[in-house]
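Data block for work12.pdb (PDB, C-alpha atoms, pLDDT in the B column):
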```pdb
ATOM      1  CA  MET A 180      -7.955 120.502 -75.826  1.00 52.00           C
ATOM      2  CA  ALA A 181      -6.127 119.069 -72.839  1.00 53.00           C
ATOM      3  CA  ILE A 182      -9.125 119.804 -70.632  1.00 54.00           C
ATOM      4  CA  SER A 183     -11.546 117.981 -72.926  1.00 76.00           C
ATOM      5  CA  LEU A 184      -9.224 114.964 -73.094  1.00 80.00           C
ATOM      6  CA  GLY A 185      -9.029 114.942 -69.297  1.00 82.00           C
ATOM      7  CA  TYR A 186     -12.818 114.857 -69.165  1.00 87.00           C
ATOM      8  CA  ILE A 187     -12.852 111.893 -71.558  1.00 86.00           C
ATOM      9  CA  ILE A 188     -10.339 109.939 -69.455  1.00 89.00           C
ATOM     10  CA  LEU A 189     -12.282 110.743 -66.266  1.00 90.00           C
ATOM     11  CA  ALA A 190     -15.517 109.582 -67.887  1.00 90.00           C
ATOM     12  CA  SER A 191     -13.838 106.343 -68.940  1.00 91.00           C
ATOM     13  CA  ALA A 192     -12.665 105.735 -65.355  1.00 92.00           C
ATOM     14  CA  PHE A 193     -16.196 106.359 -64.094  1.00 93.00           C
ATOM     15  CA  LEU A 194     -17.702 103.978 -66.664  1.00 93.00           C
ATOM     16  CA  LEU A 195     -15.154 101.329 -65.683  1.00 93.00           C
ATOM     17  CA  ILE A 196     -16.282 101.666 -62.054  1.00 94.00           C
ATOM     18  CA  VAL A 197     -19.921 101.311 -63.184  1.00 93.00           C
ATOM     19  CA  SER A 198     -18.982  98.184 -65.113  1.00 93.00           C
ATOM     20  CA  MET A 199     -17.178  96.775 -62.047  1.00 92.00           C
ATOM     21  CA  VAL A 200     -20.276  97.313 -59.892  1.00 93.00           C
ATOM     22  CA  MET A 201     -22.421  95.558 -62.497  1.00 91.00           C
ATOM     23  CA  MET A 202     -19.972  92.664 -62.487  1.00 91.00           C
ATOM     24  CA  LEU A 203     -20.230  92.463 -58.674  1.00 92.00           C
ATOM     25  CA  VAL A 204     -23.948  91.720 -59.056  1.00 91.00           C
ATOM     26  CA  ARG A 205     -23.117  88.630 -61.110  1.00 89.00           C
ATOM     27  CA  LEU A 206     -20.351  87.719 -58.650  1.00 90.00           C
ATOM     28  CA  ILE A 207     -22.699  87.732 -55.651  1.00 91.00           C
ATOM     29  CA  GLY A 208     -25.768  86.228 -57.307  1.00 86.00           C
ATOM     30  CA  GLY A 209     -24.129  83.784 -59.704  1.00 76.00           C
ATOM     31  CA  PRO A 210     -25.923  80.429 -59.704  1.00 84.00           C
ATOM     32  CA  SER A 211     -22.862  78.220 -60.130  1.00 85.00           C
ATOM     33  CA  LEU A 212     -19.181  78.244 -59.207  1.00 87.00           C
ATOM     34  CA  TYR A 213     -18.094  78.923 -62.775  1.00 89.00           C
ATOM     35  CA  ASP A 214     -20.268  82.010 -63.041  1.00 91.00           C
ATOM     36  CA  ARG A 215     -18.528  83.382 -59.986  1.00 91.00           C
ATOM     37  CA  LEU A 216     -15.097  82.496 -61.352  1.00 91.00           C
ATOM     38  CA  LEU A 217     -15.929  84.185 -64.633  1.00 91.00           C
ATOM     39  CA  ALA A 218     -17.117  87.265 -62.749  1.00 92.00           C
ATOM     40  CA  VAL A 219     -13.938  87.337 -60.634  1.00 92.00           C
ATOM     41  CA  ASN A 220     -11.758  87.047 -63.722  1.00 92.00           C
ATOM     42  CA  SER A 221     -13.607  89.788 -65.564  1.00 93.00           C
ATOM     43  CA  PHE A 222     -13.592  91.978 -62.440  1.00 93.00           C
ATOM     44  CA  GLY A 223      -9.815  91.599 -62.214  1.00 93.00           C
ATOM     45  CA  THR A 224      -9.409  92.619 -65.842  1.00 93.00           C
ATOM     46  CA  LYS A 225     -11.498  95.721 -65.163  1.00 93.00           C
ATOM     47  CA  ILE A 226      -9.399  96.517 -62.076  1.00 93.00           C
ATOM     48  CA  VAL A 227      -6.269  96.352 -64.246  1.00 93.00           C
ATOM     49  CA  LEU A 228      -7.842  98.723 -66.761  1.00 93.00           C
ATOM     50  CA  PHE A 229      -8.942 101.108 -64.017  1.00 94.00           C
ATOM     51  CA  LEU A 230      -5.447 101.116 -62.500  1.00 93.00           C
ATOM     52  CA  CYS A 231      -3.934 101.971 -65.899  1.00 92.00           C
ATOM     53  CA  VAL A 232      -6.425 104.803 -66.457  1.00 92.00           C
ATOM     54  CA  PHE A 233      -5.904 106.094 -62.901  1.00 92.00           C
ATOM     55  CA  CYS A 234      -2.120 106.112 -63.271  1.00 91.00           C
ATOM     56  CA  PHE A 235      -2.577 107.976 -66.557  1.00 90.00           C
ATOM     57  CA  ILE A 236      -4.742 110.570 -64.784  1.00 90.00           C
ATOM     58  CA  ILE A 237      -2.297 111.207 -61.937  1.00 90.00           C
ATOM     59  CA  ASP A 238       0.620 110.967 -64.437  1.00 86.00           C
ATOM     60  CA  ARG A 239       2.771 108.500 -62.502  1.00 87.00           C
ATOM     61  CA  PRO A 240       4.105 105.539 -64.497  1.00 86.00           C
ATOM     62  CA  ASP A 241       5.056 103.634 -61.324  1.00 90.00           C
ATOM     63  CA  GLY A 242       1.514 102.475 -60.712  1.00 89.00           C
ATOM     64  CA  VAL A 243       1.285 100.566 -63.993  1.00 92.00           C
ATOM     65  CA  ASP A 244       3.644  98.003 -62.412  1.00 92.00           C
ATOM     66  CA  ILE A 245       0.886  97.252 -59.909  1.00 92.00           C
ATOM     67  CA  ALA A 246      -1.550  96.770 -62.785  1.00 92.00           C
ATOM     68  CA  LEU A 247       0.885  94.367 -64.469  1.00 92.00           C
ATOM     69  CA  LEU A 248       1.309  92.407 -61.233  1.00 93.00           C
ATOM     70  CA  TYR A 249      -2.454  92.344 -60.758  1.00 93.00           C
ATOM     71  CA  ALA A 250      -2.984  90.931 -64.258  1.00 92.00           C
ATOM     72  CA  LEU A 251      -0.540  88.082 -63.604  1.00 92.00           C
ATOM     73  CA  MET A 252      -1.941  87.344 -60.132  1.00 93.00           C
ATOM     74  CA  ASN A 253      -5.468  87.329 -61.535  1.00 92.00           C
ATOM     75  CA  PHE A 254      -4.598  84.698 -64.134  1.00 93.00           C
ATOM     76  CA  ILE A 255      -2.706  82.524 -61.641  1.00 93.00           C
ATOM     77  CA  ALA A 256      -5.534  82.764 -59.087  1.00 92.00           C
ATOM     78  CA  THR A 257      -8.112  81.673 -61.666  1.00 92.00           C
ATOM     79  CA  ILE A 258      -5.995  78.676 -62.685  1.00 91.00           C
ATOM     80  CA  ALA A 259      -5.329  77.743 -59.046  1.00 91.00           C
ATOM     81  CA  VAL A 260      -8.993  77.846 -58.020  1.00 90.00           C
ATOM     82  CA  LEU A 261      -9.997  75.773 -61.051  1.00 89.00           C
ATOM     83  CA  LYS A 262      -7.272  73.232 -60.314  1.00 88.00           C
ATOM     84  CA  TYR A 263      -8.368  73.009 -56.700  1.00 88.00           C
ATOM     85  CA  PHE A 264     -11.980  72.392 -57.624  1.00 86.00           C
ATOM     86  CA  ASN A 265     -11.029  69.832 -60.276  1.00 83.00           C
ATOM     87  CA  TYR A 266      -8.555  67.755 -58.249  1.00 83.00           C
ATOM     88  CA  GLN A 267      -9.595  68.687 -54.647  1.00 79.00           C
ATOM     89  CA  ALA A 268      -5.935  69.468 -53.982  1.00 76.00           C
ATOM     90  CA  LEU A 269      -3.284  71.891 -55.161  1.00 76.00           C
ATOM     91  CA  ASP A 270      -0.306  69.478 -55.187  1.00 78.00           C
ATOM     92  CA  VAL A 271      -1.186  66.925 -57.824  1.00 75.00           C
ATOM     93  CA  THR A 272       1.425  64.308 -58.661  1.00 76.00           C
ATOM     94  CA  LEU A 273       1.588  63.725 -62.399  1.00 75.00           C
ATOM     95  CA  ILE A 274       1.321  60.165 -63.661  1.00 77.00           C
ATOM     96  CA  CYS A 275       3.944  58.989 -66.161  1.00 73.00           C
ATOM     97  CA  GLU A 276       2.291  56.607 -68.604  1.00 74.00           C
ATOM     98  CA  THR A 277       5.405  55.504 -70.505  1.00 70.00           C
ATOM     99  CA  ALA A 278       7.313  53.805 -67.698  1.00 61.00           C
ATOM    100  CA  ASP A 279       9.967  52.189 -69.869  1.00 59.00           C
ATOM    101  CA  GLU A 280      11.458  55.470 -71.042  1.00 57.00           C
ATOM    102  CA  GLU A 281      14.051  57.314 -69.078  1.00 55.00           C
ATOM    103  CA  THR A 282      12.302  60.033 -67.057  1.00 53.00           C
ATOM    104  CA  SER A 283      15.175  61.779 -65.382  1.00 50.00           C
ATOM    105  CA  ILE A 284      13.971  65.339 -65.211  1.00 49.00           C
TER     106      ILE A 284
ATOM    107  CA  MET B 221     -11.523 122.163 -80.554  1.00 55.00           C
ATOM    108  CA  MET B 222     -10.693 123.241 -84.096  1.00 54.00           C
ATOM    109  CA  ILE B 223     -11.539 126.818 -83.147  1.00 56.00           C
ATOM    110  CA  ASP B 224      -9.220 126.585 -80.133  1.00 60.00           C
ATOM    111  CA  LEU B 225      -6.407 125.315 -82.324  1.00 56.00           C
ATOM    112  CA  MET B 226      -6.986 128.058 -84.880  1.00 54.00           C
ATOM    113  CA  LEU B 227      -7.038 130.728 -82.185  1.00 54.00           C
ATOM    114  CA  ALA B 228      -3.829 129.393 -80.661  1.00 57.00           C
ATOM    115  CA  ALA B 229      -2.162 129.300 -84.070  1.00 55.00           C
ATOM    116  CA  SER B 230      -3.243 132.817 -84.943  1.00 53.00           C
ATOM    117  CA  SER B 231      -2.192 134.173 -81.539  1.00 56.00           C
ATOM    118  CA  SER B 232       1.225 132.527 -81.666  1.00 56.00           C
ATOM    119  CA  HIS B 233       1.795 133.571 -85.281  1.00 54.00           C
ATOM    120  CA  PRO B 234       0.137 136.924 -85.712  1.00 53.00           C
ATOM    121  CA  GLU B 235       1.856 137.599 -89.028  1.00 53.00           C
ATOM    122  CA  ALA B 236       0.120 134.663 -90.707  1.00 50.00           C
ATOM    123  CA  GLU B 237      -3.469 135.731 -90.336  1.00 54.00           C
ATOM    124  CA  LEU B 238      -4.877 133.844 -93.300  1.00 56.00           C
ATOM    125  CA  ALA B 239      -2.884 130.586 -93.248  1.00 62.00           C
ATOM    126  CA  LEU B 240      -4.295 128.183 -90.691  1.00 69.00           C
ATOM    127  CA  HIS B 241      -1.532 126.473 -88.713  1.00 75.00           C
ATOM    128  CA  ILE B 242      -3.217 123.386 -87.354  1.00 76.00           C
ATOM    129  CA  ASP B 243      -1.148 120.788 -85.523  1.00 80.00           C
ATOM    130  CA  TRP B 244      -2.317 117.829 -87.576  1.00 83.00           C
ATOM    131  CA  LEU B 245      -0.324 115.259 -85.575  1.00 84.00           C
ATOM    132  CA  GLU B 246      -1.867 116.401 -82.292  1.00 84.00           C
ATOM    133  CA  LEU B 247      -5.313 116.360 -83.894  1.00 85.00           C
ATOM    134  CA  LEU B 248      -4.734 112.827 -85.185  1.00 88.00           C
ATOM    135  CA  ARG B 249      -3.619 111.660 -81.731  1.00 88.00           C
ATOM    136  CA  TRP B 250      -6.710 113.236 -80.147  1.00 88.00           C
ATOM    137  CA  CYS B 251      -9.064 111.599 -82.653  1.00 89.00           C
ATOM    138  CA  LEU B 252      -7.381 108.180 -82.317  1.00 91.00           C
ATOM    139  CA  THR B 253      -7.566 108.371 -78.523  1.00 91.00           C
ATOM    140  CA  VAL B 254     -11.247 109.295 -78.554  1.00 91.00           C
ATOM    141  CA  VAL B 255     -12.152 106.598 -81.085  1.00 92.00           C
ATOM    142  CA  PHE B 256     -10.194 103.825 -79.340  1.00 93.00           C
ATOM    143  CA  MET B 257     -11.400 104.808 -75.870  1.00 92.00           C
ATOM    144  CA  GLY B 258     -15.024 105.022 -77.002  1.00 92.00           C
ATOM    145  CA  ALA B 259     -14.874 101.658 -78.756  1.00 93.00           C
ATOM    146  CA  GLY B 260     -13.150 100.017 -75.775  1.00 93.00           C
ATOM    147  CA  LEU B 261     -15.694 101.381 -73.310  1.00 93.00           C
ATOM    148  CA  PHE B 262     -18.511 100.222 -75.597  1.00 93.00           C
ATOM    149  CA  PHE B 263     -17.104  96.685 -75.680  1.00 93.00           C
ATOM    150  CA  VAL B 264     -16.461  96.567 -71.922  1.00 93.00           C
ATOM    151  CA  LEU B 265     -19.960  97.804 -71.069  1.00 93.00           C
ATOM    152  CA  ALA B 266     -21.565  95.483 -73.643  1.00 93.00           C
ATOM    153  CA  GLY B 267     -19.693  92.526 -72.161  1.00 92.00           C
ATOM    154  CA  THR B 268     -20.741  93.420 -68.630  1.00 92.00           C
ATOM    155  CA  LEU B 269     -24.364  93.833 -69.720  1.00 92.00           C
ATOM    156  CA  GLY B 270     -24.146  90.450 -71.457  1.00 91.00           C
ATOM    157  CA  VAL B 271     -22.819  88.814 -68.291  1.00 90.00           C
ATOM    158  CA  LEU B 272     -25.734  90.289 -66.368  1.00 90.00           C
ATOM    159  CA  ARG B 273     -28.509  89.549 -68.848  1.00 90.00           C
ATOM    160  CA  LEU B 274     -27.744  86.378 -70.819  1.00 87.00           C
ATOM    161  CA  PRO B 275     -29.537  83.205 -69.672  1.00 87.00           C
ATOM    162  CA  ASP B 276     -26.807  80.564 -69.679  1.00 87.00           C
ATOM    163  CA  PHE B 277     -23.282  80.120 -68.335  1.00 88.00           C
ATOM    164  CA  TYR B 278     -21.738  79.512 -71.754  1.00 89.00           C
ATOM    165  CA  THR B 279     -23.413  82.524 -73.340  1.00 89.00           C
ATOM    166  CA  ARG B 280     -22.214  84.634 -70.407  1.00 90.00           C
ATOM    167  CA  LEU B 281     -18.731  83.269 -70.969  1.00 90.00           C
ATOM    168  CA  HIS B 282     -18.994  84.185 -74.637  1.00 90.00           C
ATOM    169  CA  ALA B 283     -20.007  87.756 -73.815  1.00 90.00           C
ATOM    170  CA  ALA B 284     -17.379  88.283 -71.104  1.00 89.00           C
ATOM    171  CA  GLY B 285     -14.459  86.508 -72.734  1.00 87.00           C
ATOM    172  CA  MET B 286     -14.700  87.999 -76.193  1.00 86.00           C
ATOM    173  CA  THR B 287     -15.625  91.562 -75.357  1.00 87.00           C
ATOM    174  CA  ASP B 288     -13.291  91.888 -72.385  1.00 87.00           C
ATOM    175  CA  THR B 289     -10.243  90.999 -74.437  1.00 90.00           C
ATOM    176  CA  LEU B 290     -11.064  93.437 -77.230  1.00 92.00           C
ATOM    177  CA  GLY B 291     -12.255  96.200 -74.892  1.00 92.00           C
ATOM    178  CA  ALA B 292      -9.179  95.985 -72.677  1.00 92.00           C
ATOM    179  CA  GLU B 293      -6.849  96.062 -75.671  1.00 93.00           C
ATOM    180  CA  LEU B 294      -8.646  99.084 -77.155  1.00 94.00           C
ATOM    181  CA  ILE B 295      -8.571 101.074 -73.883  1.00 93.00           C
ATOM    182  CA  LEU B 296      -4.880 100.317 -73.359  1.00 93.00           C
ATOM    183  CA  LEU B 297      -4.207 101.236 -77.009  1.00 93.00           C
ATOM    184  CA  ALA B 298      -5.899 104.601 -76.473  1.00 92.00           C
ATOM    185  CA  LEU B 299      -3.714 105.279 -73.425  1.00 92.00           C
ATOM    186  CA  ILE B 300      -0.589 104.207 -75.356  1.00 92.00           C
ATOM    187  CA  VAL B 301      -1.420 106.529 -78.246  1.00 91.00           C
ATOM    188  CA  GLN B 302      -1.990 109.424 -75.865  1.00 89.00           C
ATOM    189  CA  SER B 303       1.136 108.917 -73.735  1.00 87.00           C
ATOM    190  CA  GLY B 304       3.564 108.815 -76.656  1.00 84.00           C
ATOM    191  CA  PHE B 305       7.075 107.358 -76.398  1.00 88.00           C
ATOM    192  CA  SER B 306       7.716 107.138 -72.674  1.00 88.00           C
ATOM    193  CA  GLN B 307       8.139 104.736 -69.783  1.00 89.00           C
ATOM    194  CA  MET B 308       4.369 104.789 -69.288  1.00 90.00           C
ATOM    195  CA  SER B 309       3.680 103.600 -72.827  1.00 91.00           C
ATOM    196  CA  LEU B 310       6.170 100.718 -72.547  1.00 91.00           C
ATOM    197  CA  LYS B 311       4.559  99.484 -69.329  1.00 91.00           C
ATOM    198  CA  LEU B 312       1.082  99.826 -70.824  1.00 92.00           C
ATOM    199  CA  LEU B 313       2.292  97.798 -73.814  1.00 93.00           C
ATOM    200  CA  LEU B 314       3.482  95.066 -71.439  1.00 92.00           C
ATOM    201  CA  VAL B 315       0.098  95.033 -69.676  1.00 92.00           C
ATOM    202  CA  ALA B 316      -1.663  94.804 -73.047  1.00 92.00           C
ATOM    203  CA  LEU B 317       0.592  91.908 -74.096  1.00 93.00           C
ATOM    204  CA  PHE B 318      -0.060  89.947 -70.898  1.00 92.00           C
ATOM    205  CA  LEU B 319      -3.807  90.557 -71.118  1.00 92.00           C
ATOM    206  CA  LEU B 320      -3.775  89.454 -74.760  1.00 92.00           C
ATOM    207  CA  ILE B 321      -2.184  86.156 -73.731  1.00 92.00           C
ATOM    208  CA  THR B 322      -3.894  85.416 -70.415  1.00 92.00           C
ATOM    209  CA  SER B 323      -7.482  86.530 -70.967  1.00 92.00           C
ATOM    210  CA  PRO B 324      -8.437  84.026 -73.723  1.00 92.00           C
ATOM    211  CA  THR B 325      -6.498  81.319 -71.873  1.00 92.00           C
ATOM    212  CA  ALA B 326      -8.445  81.898 -68.661  1.00 92.00           C
ATOM    213  CA  THR B 327     -11.741  81.919 -70.580  1.00 92.00           C
ATOM    214  CA  HIS B 328     -10.863  78.665 -72.312  1.00 92.00           C
ATOM    215  CA  VAL B 329      -9.821  77.018 -69.044  1.00 92.00           C
ATOM    216  CA  ILE B 330     -13.054  78.029 -67.301  1.00 92.00           C
ATOM    217  CA  ALA B 331     -15.156  76.756 -70.220  1.00 91.00           C
ATOM    218  CA  HIS B 332     -13.239  73.468 -70.433  1.00 90.00           C
ATOM    219  CA  SER B 333     -13.499  72.894 -66.686  1.00 90.00           C
ATOM    220  CA  ALA B 334     -17.240  73.618 -66.652  1.00 89.00           C
ATOM    221  CA  HIS B 335     -17.834  71.269 -69.581  1.00 86.00           C
ATOM    222  CA  LYS B 336     -15.748  68.543 -67.936  1.00 85.00           C
ATOM    223  CA  GLU B 337     -17.636  68.999 -64.685  1.00 83.00           C
ATOM    224  CA  GLY B 338     -20.910  68.424 -66.515  1.00 78.00           C
ATOM    225  CA  LEU B 339     -22.512  71.844 -66.525  1.00 77.00           C
ATOM    226  CA  GLU B 340     -25.257  71.600 -69.116  1.00 77.00           C
ATOM    227  CA  PRO B 341     -25.832  74.396 -71.616  1.00 78.00           C
ATOM    228  CA  ILE B 342     -29.343  75.385 -72.662  1.00 78.00           C
ATOM    229  CA  LEU B 343     -29.598  73.792 -76.086  1.00 77.00           C
ATOM    230  CA  GLY B 344     -33.329  73.220 -76.611  1.00 76.00           C
ATOM    231  CA  PRO B 345     -33.919  70.023 -78.590  1.00 78.00           C
ATOM    232  CA  TYR B 346     -30.210  69.481 -79.330  1.00 78.00           C
ATOM    233  CA  LYS B 347     -27.554  67.707 -77.279  1.00 73.00           C
ATOM    234  CA  ALA B 348     -23.861  68.388 -76.841  1.00 63.00           C
ATOM    235  CA  PRO B 349     -21.412  65.638 -77.899  1.00 69.00           C
ATOM    236  CA  GLU B 350     -19.486  63.794 -75.229  1.00 69.00           C
ATOM    237  CA  LEU B 351     -16.074  65.141 -74.294  1.00 63.00           C
ATOM    238  CA  ASP B 352     -13.314  62.747 -75.300  1.00 64.00           C
ATOM    239  CA  GLU B 353     -11.853  61.254 -72.121  1.00 57.00           C
ATOM    240  CA  ALA B 354      -8.719  59.907 -73.803  1.00 51.00           C
ATOM    241  CA  GLU B 355      -7.071  63.277 -74.185  1.00 49.00           C
TER     242      GLU B 355
END
```

Show me the file's structure as structure tokens.
Amino acid sequence: MAISLGYIILASAFLLIVSMVMMLVRLIGGPSLYDRLLAVNSFGTKIVLFLCVFCFIIDRPDGVDIALLYALMNFIATIAVLKYFNYQALDVTLICETADEETSI
Amino acid sequence: MMIDLMLAASSSHPEAELALHIDWLELLRWCLTVVFMGAGLFFVLAGTLGVLRLPDFYTRLHAAGMTDTLGAELILLALIVQSGFSQMSLKLLLVALFLLITSPTATHVIAHSAHKEGLEPILGPYKAPELDEAE
């Protein structure tokens, strides 16, 4: 039973790699910037899943920390690239519209 | 697999030759893992195929955003069920929680930014309403 379950997990890792390659096609040939960003985001999610499955296969729970870090970095990178392409800069000063109130933050 | 379990039970308990000692909890864990993993892989592959084949950016976003969230959660749930109560399962639960929060947020931000930038969807004879600039 353990052998058949190992085959199932290995097949899932292989199918995740196939899915990542298919996502790379959209990443390279995407017509617009947002297609590429969507492909990068989805590719990162699949990398996180593959890392989790791989760490389950080699039975080391340390590697799931890398997957967790990768998930957070993926989200922050997507937000940062979108902010850069919206504002043409990464340090955007916020505008306070209610000037009469005390804004001592 | 049932035959393997029955053989193992009969070999470990040779005095009970007629009563079938099947480890029902292990069988339930195996079935749950297979079902969750199969469903998660189906959703992930369907989402990837949708991103490759659909004609428009917003339909691609629909395919990727919805199926990736559900597929990732199902695959991580299968791994959690299989690994039991351990350090591994706690970390996988944390990964699943972060993905559950960040994946729809990233999809929404990409869609909002594309709509604000003026990327037109394929709508045929219809027209999208203007985005409210006052917000």

Could you jot down the CA of Gly260 in chain B to CA of Leu294 in chain B separation for me, Å, one decimal place? 4.8 Å

Report, in Å to a single decimal, how far apart CA of Leu296 in chain B and CA of Ile187 in chain A are.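 Taking CA of Ile187 in chain A as the start and CA of Leu296 in chain B as the end point, the length is 14.2 Å.
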
Residues matched by the PyMOL selection byres ((chain A) within 9 of (chain B)) as a ChimeraX atom specification: /A:180,183-184,187-188,191,194-195,197-199,201-202,204-205,211-214,216-218,220-221,224-225,227-228,231-232,234-235,238-241,243-244,246-248,250-251,254,257-258,261-262,265

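CA of Thr279 in chain B is positioned 8.7 Å from CA of Pro341 in chain B.
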
Under the rule that all atoms listed in the file are counted, which of A:Tyr266, A:Ala259, A:Asn253, A:Ala192 is the nearest residue to Leu230 in chain A? A:Ala192

For each of B:Pro275, B:Gly270, B:Gly338, B:Pro345, take the minimum atom-to-atom distance to Thr287 in chain B, counting all atoms listed in the file, then give the residue where this is smallest.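 That would be B:Gly270, the residue with the smallest distance to Thr287 in chain B.
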